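Written below as structure tokens is the structure these notes are about.
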Amino acid sequence: MMETARPCTKDEFRVKNFLLDYDRPRDFVTFQHCGTTVAYLIWRLFWALFHVVCIILSGVYSWQWAGHDPQQQVKWFIYLTDWCYFILTVSTLVDAACVIYIYFCRTDIRNDVSNEMTWYLKANWVIFNIANSAAVVVTLLYWGLVYTGGSVTVIDGFTHGVNAVYVMVNLGVTSVPVRFYHFFHGVLFGITYVIFTVIYYAAGGTNHQDKSYVYPVLDWSDPGTTIAYAAASILIAMPLCHFLLYGIYALRRCTSRQQSASYPV
């Protein structure tokens, strides 16, 4: 098994792969195995619209968990679930914008003539990395630490399930690369959220139940336990989820190369 995987990963662990250089930008606007650029454009537009609708509905239906008090509903903005779904939505919108621009204005990239990794593809890549890891982590944390039983709303299902499924499927069928070393993008996102919860707690902020924390596991009145949970989530769970996604990417690349070898030109 290792012999099969080695050709796909032997260059992955070079120091330069901490950066955002990549010599085949066309991989950001095409499927891995088949499909036309038009089909890929439709794919990106569909999912961008899908996630925009879902995030709007998650705000509209915030009364399902916050009640009918607008002052509690606005606390949608403090939850990690909503941060993660927001960044996922932004990622799909940026994906769609890049594909549209390249399809109409950068035919050199579309036709695999140019190897220029443009600034907007680099930005897209960072957001993509954060959104993917965050979607998987927030799903695991919700069902593992936050959910205590009871009914599950449709919105819960989309923001703690469908999001992760989308990430896996999208990663499996598109050509967008995943760098092993890019786990730190998600880590920085996690650190940012934890800093936000500290500031929110210090400012006297409360959750939708008027308790002095956003989540029970991030109760800064017990800093020792909270730091332990936060450190485990950021420094262990987030990188592990990224490595899982990297594994899917490596498997996809190996499969693609084996198929290409089976049908020589």
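Identifiers for the structure tokens are assigned positionally: chains receive A, B, ... in sequence, residues are indexed from 1 per chain, and ligands are indexed from 1 in the order shown.
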Which segment 58-162 of chain A residues have any atom within 12 Å of an atom of segment 45-49 of chain A, and for each, what is the nearest pair of atoms with distance in Å to one decimal, counting only C-alpha atoms, rows sorted by chain and number, as JSON lines?
```
{"residue": "A:Phe86", "atom": "CA", "partner": "A:Ala48", "partner_atom": "CA", "distance": 11.6}
{"residue": "A:Ile87", "atom": "CA", "partner": "A:Ala48", "partner_atom": "CA", "distance": 11.8}
{"residue": "A:Leu88", "atom": "CA", "partner": "A:Ala48", "partner_atom": "CA", "distance": 9.3}
{"residue": "A:Thr89", "atom": "CA", "partner": "A:Ala48", "partner_atom": "CA", "distance": 6.7}
{"residue": "A:Val90", "atom": "CA", "partner": "A:Ala48", "partner_atom": "CA", "distance": 8.3}
{"residue": "A:Ser91", "atom": "CA", "partner": "A:Ala48", "partner_atom": "CA", "distance": 8.3}
{"residue": "A:Thr92", "atom": "CA", "partner": "A:Ala48", "partner_atom": "CA", "distance": 4.8}
{"residue": "A:Leu93", "atom": "CA", "partner": "A:Ala48", "partner_atom": "CA", "distance": 5.2}
{"residue": "A:Val94", "atom": "CA", "partner": "A:Ala48", "partner_atom": "CA", "distance": 8.6}
{"residue": "A:Asp95", "atom": "CA", "partner": "A:Ala48", "partner_atom": "CA", "distance": 8.1}
{"residue": "A:Ala96", "atom": "CA", "partner": "A:Leu45", "partner_atom": "CA", "distance": 5.6}
{"residue": "A:Ala97", "atom": "CA", "partner": "A:Leu45", "partner_atom": "CA", "distance": 8.7}
{"residue": "A:Cys98", "atom": "CA", "partner": "A:Leu45", "partner_atom": "CA", "distance": 10.9}
{"residue": "A:Val99", "atom": "CA", "partner": "A:Leu45", "partner_atom": "CA", "distance": 9.2}
{"residue": "A:Ile100", "atom": "CA", "partner": "A:Leu45", "partner_atom": "CA", "distance": 9.1}
{"residue": "A:Val162", "atom": "CA", "partner": "A:Trp47", "partner_atom": "CA", "distance": 11.8}
```
Quiz item: Tell me, which residues of segment 32-239 of chain A carry DSSP helix (DSSP H, G or I), written as a ChimeraX atom specification?
Solution: /A:37-60,63-66,70-78,80-105,107-110,119-146,154-173,180-202,216-218,223-239
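Among A:Gly205, A:Gly190, A:Pro177, A:Gly157, the residue with the shortest atom-to-atom distance to Thr30 of chain A, counting only C-alpha atoms, is A:Pro177.
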Exercise. Do a neighbour search on Gln73 of chain A at 8 Å with only C-alpha atoms, toss out local chain neighbours closer than 5 positions, and write the hits as a list of chain:residue names.
Key: A:Gly59, A:Ser62, A:Trp63, A:Ala66, A:Gly67, A:His68, A:His208
List the neighbours of Ser212 of chain A out to 10 Å using only C-alpha atoms; skip same-chain residues closer than 6 positions along the sequence, and give me the result as a PDB file with N, CA and C atoms, in the first residue's frame.
```
ATOM      1  N   TYR A 200     -15.266  38.315  24.672  1.00  0.00           N
ATOM      2  CA  TYR A 200     -16.717  38.339  24.886  1.00  0.00           C
ATOM      3  C   TYR A 200     -17.047  38.090  26.357  1.00  0.00           C
ATOM      4  N   TYR A 201     -16.349  37.147  26.974  1.00  0.00           N
ATOM      5  CA  TYR A 201     -16.550  36.861  28.397  1.00  0.00           C
ATOM      6  C   TYR A 201     -16.134  38.057  29.250  1.00  0.00           C
ATOM      7  N   ALA A 202     -14.966  38.631  28.954  1.00  0.00           N
ATOM      8  CA  ALA A 202     -14.461  39.767  29.730  1.00  0.00           C
ATOM      9  C   ALA A 202     -15.369  40.979  29.617  1.00  0.00           C
ATOM     10  N   GLY A 204     -18.536  40.845  29.504  1.00  0.00           N
ATOM     11  CA  GLY A 204     -19.816  40.552  30.139  1.00  0.00           C
ATOM     12  C   GLY A 204     -20.848  39.946  29.211  1.00  0.00           C
ATOM     13  N   GLY A 205     -20.406  39.438  28.072  1.00  0.00           N
ATOM     14  CA  GLY A 205     -21.333  38.833  27.116  1.00  0.00           C
ATOM     15  C   GLY A 205     -21.918  37.529  27.633  1.00  0.00           C
ATOM     16  N   THR A 206     -23.097  37.199  27.159  1.00  0.00           N
ATOM     17  CA  THR A 206     -23.778  35.966  27.559  1.00  0.00           C
ATOM     18  C   THR A 206     -24.264  35.213  26.329  1.00  0.00           C
ATOM     19  N   LEU A 218     -16.396  26.224  27.054  1.00  0.00           N
ATOM     20  CA  LEU A 218     -15.600  27.453  26.956  1.00  0.00           C
ATOM     21  C   LEU A 218     -16.029  28.444  28.038  1.00  0.00           C
ATOM     22  N   ASP A 219     -16.192  27.921  29.248  1.00  0.00           N
ATOM     23  CA  ASP A 219     -16.575  28.738  30.395  1.00  0.00           C
ATOM     24  C   ASP A 219     -15.307  29.280  31.051  1.00  0.00           C
ATOM     25  N   TRP A 220     -15.021  30.554  30.802  1.00  0.00           N
ATOM     26  CA  TRP A 220     -13.767  31.132  31.273  1.00  0.00           C
ATOM     27  C   TRP A 220     -13.757  31.439  32.765  1.00  0.00           C
ATOM     28  N   SER A 221     -14.859  31.152  33.464  1.00  0.00           N
ATOM     29  CA  SER A 221     -14.818  31.223  34.928  1.00  0.00           C
ATOM     30  C   SER A 221     -14.036  30.034  35.497  1.00  0.00           C
TER      31      SER A 221
END
```
Quiz item: Rounded to one decimal in Å, what is the spacing between atom CA of Thr226 of chain A and atom CA of Val152 of chain A?
Solution: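 About the pair atom CA of Thr226 of chain A and atom CA of Val152 of chain A: they are 26.0 Å apart.
Straight-line separation from atom CA of Thr197 of chain A to atom CA of Ala230 of chain A: 10.6 Å.
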Exercise. Could you tell me how far atom CA of Asn129 of chain A lies from atom CA of Asn17 of chain A, in Å and to one decimal?
Key: 13.7 Å
Quiz item: Using only C-alpha atoms, which of the listed residues (A:Lys16, A:Tyr103, A:Val169, A:Ser58) sits closest to Tyr79 of chain A?
Solution: A:Ser58
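Residue nearest Asp21 of chain A within the list A:Asn115, A:Gln71, A:Gln64, A:Thr36: A:Asn115 [criterion: smallest interatomic distance, only C-alpha atoms].
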Quiz item: Which residue gives the smallest distance to Ser233 of chain A among A:Gly149, A:Leu251, A:Gly144, A:Lys211, with only C-alpha atoms counted?
Solution: A:Gly144
